[in-house]
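Asks: Input structure: work-v2.cif, which contains mmCIF, C-alpha atoms and all ligand atoms.
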```
data_upload
#
loop_
_atom_site.label_atom_id
_atom_site.label_comp_id
_atom_site.auth_asym_id
_atom_site.auth_seq_id
_atom_site.Cartn_x
_atom_site.Cartn_y
_atom_site.Cartn_z
CA MET A 1 0.00 0.00 0.00
CA THR A 2 1.50 3.34 -1.00
CA GLU A 3 1.18 6.66 0.84
CA GLU A 4 -0.40 8.04 -2.38
CA SER A 5 -3.15 5.40 -2.17
CA ALA A 6 -3.60 5.81 1.59
CA THR A 7 -4.22 9.55 1.26
CA SER A 8 -6.05 9.47 -2.08
CA PHE A 9 -9.52 9.73 -0.53
CA GLY A 10 -9.11 13.32 0.70
CA SER A 11 -9.10 14.58 -2.90
CA MET A 12 -12.77 13.63 -3.13
CA ALA A 13 -13.89 13.85 0.52
CA GLY A 14 -17.32 15.37 -0.26
CA ILE A 15 -18.29 12.74 -2.84
CA TYR A 16 -16.80 10.02 -0.66
CA ASP A 17 -19.09 10.98 2.19
CA ARG A 18 -22.16 11.10 -0.07
CA VAL A 19 -21.78 7.77 -1.83
CA ARG A 20 -19.77 5.44 0.40
CA PRO A 21 -21.79 3.05 2.56
CA GLY A 22 -22.15 3.09 6.33
CA PRO A 23 -22.03 -0.22 8.21
CA ALA A 24 -24.86 -2.68 8.76
CA PRO A 25 -26.46 -1.67 12.10
CA ALA A 26 -26.10 -5.27 13.27
CA ALA A 27 -22.34 -4.99 12.70
CA VAL A 28 -22.16 -1.99 15.03
CA ASP A 29 -24.16 -3.94 17.65
CA TRP A 30 -21.70 -6.81 17.35
CA LEU A 31 -18.55 -4.67 17.52
CA VAL A 32 -19.31 -2.15 20.26
CA PRO A 33 -19.09 -3.68 23.74
CA PRO A 34 -21.96 -3.15 26.17
CA ASP A 35 -21.59 -0.15 28.52
CA CYS A 36 -18.93 1.38 26.29
CA ALA A 37 -17.83 4.71 27.81
CA VAL A 38 -15.23 5.81 25.25
CA ALA A 39 -15.20 4.53 21.64
CA VAL A 40 -12.45 5.65 19.27
CA ASP A 41 -13.11 5.64 15.53
CA LEU A 42 -9.57 5.27 14.18
CA ALA A 43 -8.97 6.40 10.58
CA ALA A 44 -12.42 7.92 10.75
CA GLY A 45 -12.36 9.55 7.31
CA THR A 46 -15.44 11.71 6.78
CA GLY A 47 -17.21 10.00 9.69
CA LEU A 48 -19.42 7.41 7.96
CA PHE A 49 -18.70 4.97 10.78
CA THR A 50 -18.45 7.71 13.44
CA ARG A 51 -22.09 8.61 12.78
CA ALA A 52 -23.11 4.98 13.26
CA LEU A 53 -21.25 4.98 16.60
CA GLU A 54 -22.93 8.10 17.96
CA GLY A 55 -25.33 7.05 20.73
CA ARG A 56 -23.59 3.67 21.13
CA ALA A 57 -20.96 4.98 23.57
CA GLU A 58 -21.01 7.79 26.12
CA GLN A 59 -18.19 9.51 24.22
CA VAL A 60 -17.13 8.93 20.62
CA VAL A 61 -13.71 10.26 19.56
CA ALA A 62 -12.60 10.37 15.91
CA VAL A 63 -8.93 10.15 14.85
CA GLU A 64 -8.02 10.90 11.22
CA PRO A 65 -4.77 12.15 9.59
CA ASP A 66 -6.22 13.88 6.49
CA ASP A 67 -7.52 17.40 7.17
CA ARG A 68 -9.84 17.32 4.11
CA MET A 69 -11.61 14.24 5.54
CA ARG A 70 -11.60 15.72 9.07
CA ARG A 71 -13.35 18.89 7.85
CA VAL A 72 -16.29 16.89 6.47
CA LEU A 73 -16.47 14.81 9.65
CA ALA A 74 -16.44 17.88 11.92
CA ALA A 75 -19.24 19.52 9.90
CA ARG A 76 -21.44 16.41 9.96
CA SER A 77 -20.76 15.35 13.58
CA PRO A 78 -20.30 18.63 15.47
CA GLY A 79 -20.54 16.91 18.88
CA VAL A 80 -17.62 14.54 18.24
CA PRO A 81 -14.02 15.53 19.08
CA VAL A 82 -11.93 15.05 15.92
CA LEU A 83 -8.21 14.53 16.49
CA ASP A 84 -5.40 14.77 13.97
CA GLY A 85 -3.59 11.45 14.37
CA ARG A 86 -2.53 8.18 12.82
CA ALA A 87 -2.94 4.57 13.90
CA GLU A 88 0.80 4.48 14.57
CA ASP A 89 0.66 7.59 16.80
CA ILE A 90 -2.75 8.04 18.46
CA PRO A 91 -3.11 11.33 20.39
CA LEU A 92 -4.82 9.78 23.44
CA PRO A 93 -3.57 8.77 26.91
CA ASP A 94 -2.89 5.16 27.94
CA ALA A 95 -5.93 2.96 28.70
CA ARG A 96 -8.41 5.71 27.76
CA ALA A 97 -10.67 3.75 25.36
CA ASP A 98 -13.10 0.88 25.88
CA ALA A 99 -13.22 0.26 22.13
CA VAL A 100 -11.00 1.16 19.17
CA LEU A 101 -12.83 0.62 15.90
CA VAL A 102 -11.37 0.67 12.41
CA SER A 103 -13.66 0.83 9.40
CA HIS A 104 -12.18 0.30 5.96
CA ALA A 105 -8.66 1.28 6.95
CA TRP A 106 -6.83 -1.63 8.62
CA HIS A 107 -5.05 -2.43 5.35
CA TRP A 108 -3.45 1.05 5.34
CA PHE A 109 -1.71 0.71 8.72
CA ASP A 110 1.88 -0.14 9.62
CA LEU A 111 0.60 -3.04 11.69
CA GLU A 112 3.65 -3.62 13.85
CA ARG A 113 3.41 -0.06 15.21
CA ALA A 114 -0.36 0.38 15.01
CA VAL A 115 -1.23 -2.74 17.02
CA LYS A 116 1.10 -1.66 19.88
CA GLU A 117 -0.37 1.83 19.82
CA ILE A 118 -3.97 0.55 19.83
CA ALA A 119 -3.12 -1.74 22.77
CA ARG A 120 -1.66 1.28 24.61
CA VAL A 121 -4.84 3.38 24.35
CA LEU A 122 -7.23 0.48 25.09
CA ALA A 123 -8.24 -0.26 28.69
CA ASP A 124 -7.81 -3.85 29.89
CA ASP A 125 -10.46 -6.08 28.23
CA GLY A 126 -11.23 -3.25 25.77
CA THR A 127 -12.33 -4.25 22.27
CA LEU A 128 -10.43 -3.81 19.04
CA GLY A 129 -12.97 -4.01 16.22
CA VAL A 130 -12.11 -4.01 12.53
CA LEU A 131 -14.58 -3.99 9.67
CA TRP A 132 -15.03 -3.49 5.96
CA THR A 133 -18.41 -2.68 4.44
CA SER A 134 -18.84 -3.03 0.71
CA ARG A 135 -20.49 -4.85 -2.16
CA ASP A 136 -21.10 -8.54 -1.58
CA ARG A 137 -18.89 -10.00 -4.32
CA GLY A 138 -20.43 -13.45 -3.74
CA LYS A 139 -22.59 -12.68 -6.80
CA GLU A 140 -20.95 -12.77 -10.24
CA TRP A 141 -22.41 -9.47 -11.53
CA VAL A 142 -21.26 -7.65 -8.38
CA ALA A 143 -17.73 -9.02 -8.63
CA GLY A 144 -17.68 -7.73 -12.22
CA LEU A 145 -18.08 -4.16 -10.91
CA ASP A 146 -14.48 -4.15 -9.63
CA VAL A 147 -13.58 -1.85 -12.47
CA ILE A 148 -9.84 -1.47 -12.39
CA GLY A 149 -7.12 -4.06 -12.92
CA SER A 150 -8.13 -5.53 -16.24
CA PRO A 151 -10.47 -2.99 -17.84
CA ASP A 152 -11.48 -5.28 -20.71
CA GLU A 153 -12.34 -8.25 -18.56
CA PRO A 154 -14.72 -8.17 -15.62
CA ARG A 155 -13.38 -9.80 -12.47
CA THR A 156 -14.92 -13.17 -11.79
CA LYS A 157 -16.49 -13.96 -8.45
CA ASP A 158 -13.61 -16.30 -7.58
CA GLN A 159 -10.97 -13.67 -8.47
CA ALA A 160 -12.77 -11.00 -6.46
CA MET A 161 -13.20 -13.30 -3.46
CA GLU A 162 -9.57 -14.41 -3.54
CA ARG A 163 -8.39 -10.80 -3.59
CA LEU A 164 -10.69 -9.86 -0.73
CA SER A 165 -9.69 -12.75 1.49
CA ARG A 166 -6.08 -11.50 1.21
CA GLN A 167 -7.00 -7.86 1.83
CA HIS A 168 -9.29 -8.62 4.73
CA ALA A 169 -6.94 -10.86 6.67
CA VAL A 170 -6.45 -9.40 10.13
CA ALA A 171 -3.15 -10.77 11.38
CA MET A 172 -1.64 -9.80 14.70
CA PRO A 173 2.11 -9.29 15.12
CA ASP A 174 3.82 -11.79 17.42
CA GLY A 175 3.29 -10.94 21.07
CA ALA A 176 0.34 -8.64 20.40
CA ALA A 177 -1.64 -7.93 23.57
CA PHE A 178 -4.91 -9.36 22.26
CA GLY A 179 -6.87 -12.51 23.01
CA ALA A 180 -8.61 -14.89 20.61
CA ALA A 181 -10.34 -13.29 17.65
CA GLU A 182 -13.88 -13.72 16.42
CA THR A 183 -15.34 -12.79 13.04
CA ALA A 184 -18.87 -12.24 11.78
CA SER A 185 -20.46 -10.78 8.67
CA PHE A 186 -23.80 -9.07 8.14
CA GLY A 187 -25.58 -8.70 4.81
CA PHE A 188 -27.97 -5.97 3.74
CA GLU A 189 -29.35 -4.34 0.58
CA ARG A 190 -28.54 -0.83 -0.60
CA ILE A 191 -30.88 0.87 -3.07
CA MET A 192 -29.06 3.56 -5.03
CA THR A 193 -29.15 5.34 -8.36
CA VAL A 194 -26.91 4.09 -11.16
CA ASP A 195 -25.11 7.45 -11.10
CA ASP A 196 -24.41 7.24 -7.36
CA ALA A 197 -23.21 3.65 -7.77
CA LEU A 198 -20.73 4.84 -10.42
CA ASP A 199 -19.57 7.72 -8.20
CA TRP A 200 -19.08 5.16 -5.43
CA LEU A 201 -16.98 2.86 -7.64
CA ALA A 202 -14.86 5.90 -8.53
CA THR A 203 -13.96 6.44 -4.83
CA ALA A 204 -11.88 3.24 -4.66
CA SER A 205 -8.21 4.17 -4.16
CA GLN A 206 -7.11 2.05 -7.12
CA VAL A 207 -9.60 3.92 -9.32
CA ILE A 208 -8.60 7.38 -8.00
CA THR A 209 -4.93 6.63 -8.69
CA ALA A 210 -5.44 4.71 -12.00
CA ASP A 211 -4.40 6.18 -15.33
CA LEU A 212 -7.21 8.07 -17.04
CA ALA A 213 -7.78 5.58 -19.88
CA ASP A 214 -8.07 2.57 -17.53
CA ARG A 215 -10.36 4.53 -15.28
CA ALA A 216 -12.67 5.62 -18.10
CA ALA A 217 -12.80 2.12 -19.64
CA GLY A 218 -13.53 0.48 -16.31
CA LEU A 219 -16.26 2.93 -15.38
CA ALA A 220 -17.90 2.65 -18.84
CA ARG A 221 -18.02 -1.12 -18.43
CA ALA A 222 -19.47 -0.77 -14.93
CA ARG A 223 -22.15 1.63 -16.25
CA GLU A 224 -23.32 -1.00 -18.77
CA ALA A 225 -23.39 -3.70 -16.09
CA LEU A 226 -25.37 -1.48 -13.70
CA LYS A 227 -27.86 -0.47 -16.39
CA GLY A 228 -28.46 -4.15 -17.07
CA ARG A 229 -29.59 -4.56 -13.43
CA ALA A 230 -31.43 -1.23 -13.11
CA PHE A 231 -35.14 -0.58 -12.45
CA LEU A 232 -36.98 2.73 -12.76
CA ALA A 233 -38.13 4.43 -9.55
CA GLY A 234 -39.19 8.07 -9.30
CA GLY A 235 -37.95 8.65 -12.84
CA THR A 236 -34.38 7.53 -12.09
CA GLU A 237 -32.52 4.33 -12.83
CA GLN A 238 -31.78 2.52 -9.57
CA VAL A 239 -30.11 -0.69 -8.51
CA SER A 240 -30.41 -2.90 -5.46
CA MET A 241 -26.86 -3.62 -4.36
CA PRO A 242 -26.11 -6.63 -2.15
CA MET A 243 -23.88 -5.39 0.67
CA ARG A 244 -21.99 -6.95 3.52
CA SER A 245 -20.18 -5.71 6.64
CA TRP A 246 -17.34 -8.10 7.44
CA CYS A 247 -16.19 -7.77 11.05
CA TRP A 248 -13.34 -8.92 13.28
CA ARG A 249 -12.96 -8.33 17.03
CA ALA A 250 -10.61 -9.25 19.88
CA ARG A 251 -10.18 -8.14 23.48
CA ARG A 252 -7.11 -6.43 24.86
CA LEU A 253 -5.44 -8.74 27.39
CA PRO A 254 -5.25 -7.42 30.96
CA ARG A 255 -1.92 -5.69 31.47
CA LEU A 256 -0.87 -7.77 34.50
CA GLN A 257 -1.02 -10.99 32.52
CA LEU A 258 1.41 -9.60 29.99
CA SER A 259 4.30 -9.37 32.41
CA GLY A 260 5.18 -13.06 32.12
CA GLY A 261 3.86 -16.18 30.53
CA ARG A 262 1.06 -14.80 28.37
CA ALA A 263 3.29 -12.92 25.98
CA LEU A 264 5.42 -16.03 25.57
CA ILE A 265 2.33 -18.13 24.88
CA CYS A 266 1.31 -15.71 22.13
CA ARG A 267 4.74 -15.81 20.57
CA SER A 268 4.87 -19.59 20.49
CA ARG A 269 1.56 -19.97 18.61
CA GLY A 270 2.66 -19.75 15.00
CA PRO A 271 5.71 -19.71 12.78
CA GLY A 272 7.21 -16.55 11.37
CA ARG A 273 6.73 -12.92 12.25
CA TRP A 274 2.93 -12.89 12.08
CA ARG A 275 0.49 -15.18 13.70
CA ARG A 276 -2.99 -15.69 12.37
CA GLU A 277 -5.59 -15.90 15.15
CA SER A 278 -7.61 -19.05 15.42
CA HIS A 279 -11.14 -17.71 15.37
CA LEU A 280 -14.86 -18.24 15.33
CA HIS A 281 -16.81 -17.03 12.30
CA VAL A 282 -20.51 -16.36 11.91
CA GLU A 283 -22.47 -14.79 9.05
CA ALA A 284 -25.84 -13.10 9.00
CA SER A 285 -28.12 -11.20 6.65
CA ALA A 286 -30.04 -8.02 7.52
CA GLY A 287 -32.28 -8.52 10.52
CA GLN A 288 -30.86 -11.94 11.33
CA LYS A 289 -28.62 -12.99 14.13
CA PRO A 290 -25.10 -14.18 13.22
CA GLY A 291 -25.11 -17.83 12.37
CA SER A 292 -27.81 -17.71 9.71
CA GLU A 293 -27.19 -18.01 5.97
CA GLY A 294 -25.05 -15.33 4.35
CA GLY A 295 -22.83 -14.62 1.36
CA ALA A 296 -19.29 -13.46 0.91
CA MET A 297 -17.18 -10.89 2.67
CA GLY A 298 -17.54 -7.20 2.06
CA GLY A 299 -15.16 -5.25 -0.14
CA CYS A 300 -11.89 -3.46 0.33
CA ASP A 301 -11.75 -0.25 -1.64
C1 LIG B 1 -11.17 4.17 3.00
S1 LIG B 1 -11.01 5.48 4.16
C2 LIG B 1 -12.07 4.91 5.48
C3 LIG B 1 -12.69 6.06 6.24
C4 LIG B 1 -13.78 5.68 7.23
N1 LIG B 1 -13.27 4.90 8.34
C5 LIG B 1 -14.92 4.96 6.54
O1 LIG B 1 -15.31 3.86 6.97
O2 LIG B 1 -15.45 5.50 5.56
C6 LIG B 1 -9.41 5.24 4.82
C7 LIG B 1 -9.01 6.34 5.78
O3 LIG B 1 -7.82 5.94 6.44
C8 LIG B 1 -7.01 7.08 6.62
N2 LIG B 1 -5.65 6.61 6.84
C9 LIG B 1 -4.74 6.20 5.93
N3 LIG B 1 -3.62 5.79 6.53
C10 LIG B 1 -3.83 5.92 7.88
C11 LIG B 1 -3.05 5.66 9.04
N4 LIG B 1 -1.82 5.14 8.95
N5 LIG B 1 -3.57 5.91 10.26
C12 LIG B 1 -4.83 6.41 10.36
N6 LIG B 1 -5.62 6.70 9.30
C13 LIG B 1 -5.12 6.44 8.08
C14 LIG B 1 -7.22 7.90 5.34
O4 LIG B 1 -6.88 9.26 5.52
C15 LIG B 1 -8.72 7.67 5.10
O5 LIG B 1 -9.50 8.68 5.68
#
```
Written as C-alpha cells, that's how I'd like the structure from this file.
Replies:
Amino acid sequence: MTEESATSFGSMAGIYDRVRPGPAPAAVDWLVPPDCAVAVDLAAGTGLFTRALEGRAEQVVAVEPDDRMRRVLAARSPGVPVLDGRAEDIPLPDARADAVLVSHAWHWFDLERAVKEIARVLADDGTLGVLWTSRDRGKEWVAGLDVIGSPDEPRTKDQAMERLSRQHAVAMPDGAAFGAAETASFGFERIMTVDDALDWLATASQVITADLADRAAGLARAREALKGRAFLAGGTEQVSMPMRSWCWRARRLPRLQLSGGRALICRSRGPGRWRRESHLHVEASAGQKPGSEGGAMGGCD
C-alpha cells in the first residue's frame, strides 16, 4: 500500500461521504461492547462509521490524519471531538478507550506499530474491532463491478473473493496484547441510483490513482453492467446492491497478565513474524442474528 493510495480519498472527501456506505447496524451492535464509555473511531475519514457509533458509547472520539476528511467529519458530527492522528501515533492517553474501531482502513496501517499503539490506548479487556463494508462479491455481476485491474475483462467472483480474502486478513504481530479473535459478517441491501453507484466505484483508491484511460474504460463497463440490473423508480434508474459488513474483534489482554507467561504463549503460537488468530466465524443477513445463511465478505476499496 503506498502513501499516495492511503491519502487518495481526501481529494474527493465530499463525494466520498455522499456515496460510500455506512455499516450494517447489526455490525455496530456486534462490535461495540456493552456499557462502552469511550469509543475511538480510528482512521475515521469523513465519519461514515463515526455517525453509526454516535449514541452507542457515552463519548465517541474520531482520529483521522487527512484534514480534508476531518473537515467533512467535523461539519457532519459537530458533537464529536476530531483529532489529527494516525494509527501508529494516536493522540490519546494510555488505557483511555473501551473500544477502538477501524472501518475500511486496517489495510493502510503499519501493523507492527499500530497494534502496539492501539493496545496502549485500550483499557484492559477493551475491544479492538475491525470492519469493511462493501459490495457482496459473492454474486458474479457484483464481482464484475471491480472496475480497475483488467479494464477489458470483468473480475470473476472467484478472483474478487480471492483478492478480498487476502486484503481482509487481520493478522496480529507476534506478542500482540490481544486474546482470541472472532469474526462475523452481516448482509444488507442498498438501493441507489446508477449514477451514485458509479460515483461510489470511482472512490476506490485504485480507481482514483489509476491512469485516465483505464479509469474511463472500467467505469464505462461498470455503467453498462449497472444499467443491465437497473429498475426505474421516481424517474431515475436505480439498482439494489447486495452489501456486507465483514467484522473482526478481539479483546485487549489485561496488562498484568502480559508481564510473564502470556506474551510467551502468544509468541509460540505460530511460525514466522505474524500469527494468524484461530477464530470463530458467523455470518448473518439483515435482521438476522449471526449464524444464519449469508454470502461473501464485504469489499476493500
Ligand atoms: C477508506 S477510508 C475509510 C474512512 C472511514 N473509516 C470509513 O469507513 O469510511 C481510509 C481512511 O484511512 C485514513 N488513513 C490512511 N492511513 C492511515 C493511518 N496510517 N492511520 C490512520 N488513518 C489512516 C485515510 O486518511 C482515510 O480517511
Asks: Could you name the residues that touch Lys157 in chain A at 7 Å or less, counting only C-alpha atoms, but leaving out those on the same chain fewer than 2 positions away, as a PDB file with C-alpha atoms, in the frame of the given file?
Replies:
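The result, written out as result.pdb:
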```pdb
ATOM      1  CA  ARG A 137     -18.890 -10.000  -4.320  1.00  0.00           C
ATOM      2  CA  GLY A 138     -20.430 -13.450  -3.740  1.00  0.00           C
ATOM      3  CA  LYS A 139     -22.590 -12.680  -6.800  1.00  0.00           C
ATOM      4  CA  GLU A 140     -20.950 -12.770 -10.240  1.00  0.00           C
ATOM      5  CA  ALA A 143     -17.730  -9.020  -8.630  1.00  0.00           C
ATOM      6  CA  ARG A 155     -13.380  -9.800 -12.470  1.00  0.00           C
ATOM      7  CA  GLN A 159     -10.970 -13.670  -8.470  1.00  0.00           C
ATOM      8  CA  ALA A 160     -12.770 -11.000  -6.460  1.00  0.00           C
ATOM      9  CA  MET A 161     -13.200 -13.300  -3.460  1.00  0.00           C
TER      10      MET A 161
END
```
Asks: Between CA of Glu117 in chain A and atom N6 of ligand LIG 1 (chain B), what is the spacing in Å?
Replies: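 Taking atom N6 of ligand LIG 1 (chain B) and CA of Glu117 in chain A, their separation equals 12.7 Å.
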Asks: Excluding Glu64 in chain A and its own-chain neighbours fewer than 6 positions away, which residues fall within 10 Å of it when counting all atoms listed in the file? Please give them as a tab-separated table (two decimals) with C-alpha atoms, in the frame of the given file.
Replies:
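Writing the result to around.tsv gives the following:
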```
chain	number	residue	atom	x	y	z
A	41	ASP	CA	-13.11	5.64	15.53
A	42	LEU	CA	-9.57	5.27	14.18
A	43	ALA	CA	-8.97	6.40	10.58
A	44	ALA	CA	-12.42	7.92	10.75
A	45	GLY	CA	-12.36	9.55	7.31
A	46	THR	CA	-15.44	11.71	6.78
A	47	GLY	CA	-17.21	10.00	9.69
A	70	ARG	CA	-11.60	15.72	9.07
A	73	LEU	CA	-16.47	14.81	9.65
A	82	VAL	CA	-11.93	15.05	15.92
A	83	LEU	CA	-8.21	14.53	16.49
A	84	ASP	CA	-5.40	14.77	13.97
A	85	GLY	CA	-3.59	11.45	14.37
A	86	ARG	CA	-2.53	8.18	12.82
A	87	ALA	CA	-2.94	4.57	13.90
A	90	ILE	CA	-2.75	8.04	18.46
```
Asks: Taking only C-alpha atoms and all ligand atoms into account, which residues are within 8 Å of ligand LIG 1 (chain B), as a ChimeraX atom specification?
Replies: /A:3,6-10,16-17,20-23,41-50,63-66,69,85-89,102-106,108-110,114,132-133,204-205,301
Asks: What does the structure give for the distance between CA of Cys247 in chain A and CA of Val130 in chain A, in Å to one decimal?
Replies: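 Atom-to-atom, CA of Cys247 in chain A and CA of Val130 in chain A are spaced 5.7 Å apart.
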Asks: Would you mind reading off the distance between CA of Ala97 in chain A and CA of Pro33 in chain A, one decimal, in Å?
Replies: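 We find that CA of Ala97 in chain A and CA of Pro33 in chain A lie 11.3 Å from each other.
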Asks: Which one is closest to Val40 in chain A: A:Arg56, A:Arg163, A:His168, A:Arg18? Count only C-alpha atoms.
Replies: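 Residue with the minimum atom-to-atom distance to Val40 in chain A: A:Arg56.
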Asks: How big is the axis-aligned box around all listed atoms of range 220-235 of chain A once 4 Å goes on each side, and where's its centre, in Å to one decimal, as AutoDock Vina command-line options?
Replies:
```
--center_x -28.5 --center_y 2.0 --center_z -14.1 --size_x 29.3 --size_y 21.2 --size_z 17.5
```
Asks: Tell me which protein, DNA and RNA residues are within 7 Å of Ala24 in chain A, counting only C-alpha atoms, leaving out same-chain ones fewer than 3 positions away, and put them as a ChimeraX atom specification.
Replies: /A:27-28,186,188,245
Asks: Keeping C-alpha atoms for every residue in the selection just given, could you write it to a file as a short mmCIF file (atom, residue, chain, number, x, y, z; two decimals), keeping the file's coordinate frame?
Replies:
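Listed below is the output, part-v6.cif:
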```cif
data_model
loop_
_atom_site.label_atom_id
_atom_site.label_comp_id
_atom_site.auth_asym_id
_atom_site.auth_seq_id
_atom_site.Cartn_x
_atom_site.Cartn_y
_atom_site.Cartn_z
CA ALA A 27 -22.34 -4.99 12.70
CA VAL A 28 -22.16 -1.99 15.03
CA PHE A 186 -23.80 -9.07 8.14
CA PHE A 188 -27.97 -5.97 3.74
CA SER A 245 -20.18 -5.71 6.64
#
```
Asks: Using all atoms listed in the file, which residue out of A:Ile208, A:Val147, A:Val72, A:Ala202 lies closest to Ala222 in chain A?
Replies: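 For Ala222 in chain A, the nearest of the candidates is A:Val147.
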Asks: Given all atoms listed in the file as the basis, pick out the residue of A:Arg221, A:Arg166, A:Arg76, A:Arg251 nearest to Asp146 in chain A.
Replies: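 Going through A:Arg221, A:Arg166, A:Arg76, A:Arg251 one by one, the smallest distance to Asp146 in chain A is for A:Arg221.
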Asks: Choose the residue, out of A:Pro25, A:Gly14, A:Gly129, A:Ser165, that has the smallest atom-to-atom separation from Arg71 in chain A; count only C-alpha atoms.
Replies: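 Comparing A:Pro25, A:Gly14, A:Gly129, A:Ser165 against Arg71 in chain A, the winner is A:Gly14.
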Asks: Quick one: residues within 9 Å of Arg120 in chain A, only C-alpha atoms, excluding same-chain residues fewer than 6 positions away - as a PyMOL selection string?
Replies: chain A and resi 93-96
Asks: Go through A:Ser185, A:Ala39, A:Pro78, A:Gly144 and flag the residue nearest Leu128 in chain A, using all atoms listed in the file for the distances.
Replies: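 Distance minimum relative to Leu128 in chain A lands on A:Ala39.
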Asks: Just add N, CA and C atoms to range 188-208 of chain A and send it as a tab-separated table (two decimals), in the coordinates of the input.
Replies:
```tsv
chain	number	residue	atom	x	y	z
A	188	PHE	N	-26.82	-6.87	3.88
A	188	PHE	CA	-27.97	-5.97	3.74
A	188	PHE	C	-28.06	-5.51	2.29
A	189	GLU	N	-29.15	-4.85	1.95
A	189	GLU	CA	-29.35	-4.34	0.58
A	189	GLU	C	-29.19	-2.83	0.59
A	190	ARG	N	-28.64	-2.29	-0.49
A	190	ARG	CA	-28.54	-0.83	-0.60
A	190	ARG	C	-29.18	-0.43	-1.93
A	191	ILE	N	-30.24	0.37	-1.86
A	191	ILE	CA	-30.88	0.87	-3.07
A	191	ILE	C	-30.22	2.20	-3.42
A	192	MET	N	-29.72	2.31	-4.64
A	192	MET	CA	-29.06	3.56	-5.03
A	192	MET	C	-29.22	3.80	-6.52
A	193	THR	N	-29.05	5.06	-6.93
A	193	THR	CA	-29.15	5.34	-8.36
A	193	THR	C	-27.90	4.80	-9.06
A	194	VAL	N	-28.06	4.55	-10.37
A	194	VAL	CA	-26.91	4.09	-11.16
A	194	VAL	C	-25.79	5.13	-11.09
A	195	ASP	N	-26.15	6.41	-11.14
A	195	ASP	CA	-25.11	7.45	-11.10
A	195	ASP	C	-24.36	7.45	-9.77
A	196	ASP	N	-25.09	7.29	-8.67
A	196	ASP	CA	-24.41	7.24	-7.36
A	196	ASP	C	-23.53	5.99	-7.27
A	197	ALA	N	-24.02	4.88	-7.81
A	197	ALA	CA	-23.21	3.65	-7.77
A	197	ALA	C	-21.90	3.87	-8.52
A	198	LEU	N	-21.97	4.56	-9.66
A	198	LEU	CA	-20.73	4.84	-10.42
A	198	LEU	C	-19.81	5.77	-9.65
A	199	ASP	N	-20.40	6.81	-9.02
A	199	ASP	CA	-19.57	7.72	-8.20
A	199	ASP	C	-18.89	6.93	-7.07
A	200	TRP	N	-19.63	5.98	-6.52
A	200	TRP	CA	-19.08	5.16	-5.43
A	200	TRP	C	-17.89	4.33	-5.94
A	201	LEU	N	-18.09	3.66	-7.08
A	201	LEU	CA	-16.98	2.86	-7.64
A	201	LEU	C	-15.75	3.73	-7.86
A	202	ALA	N	-15.98	5.00	-8.23
A	202	ALA	CA	-14.86	5.90	-8.53
A	202	ALA	C	-14.13	6.37	-7.27
A	203	THR	N	-14.67	6.04	-6.06
A	203	THR	CA	-13.96	6.44	-4.83
A	203	THR	C	-13.00	5.36	-4.34
A	204	ALA	N	-12.87	4.25	-5.06
A	204	ALA	CA	-11.88	3.24	-4.66
A	204	ALA	C	-10.48	3.79	-4.93
A	205	SER	N	-9.54	3.56	-4.01
A	205	SER	CA	-8.21	4.17	-4.16
A	205	SER	C	-7.56	3.75	-5.48
A	206	GLN	N	-7.76	2.49	-5.88
A	206	GLN	CA	-7.11	2.05	-7.12
A	206	GLN	C	-7.73	2.71	-8.35
A	207	VAL	N	-8.97	3.19	-8.22
A	207	VAL	CA	-9.60	3.92	-9.32
A	207	VAL	C	-9.12	5.38	-9.31
A	208	ILE	N	-9.06	5.98	-8.11
A	208	ILE	CA	-8.60	7.38	-8.00
A	208	ILE	C	-7.19	7.51	-8.57
```
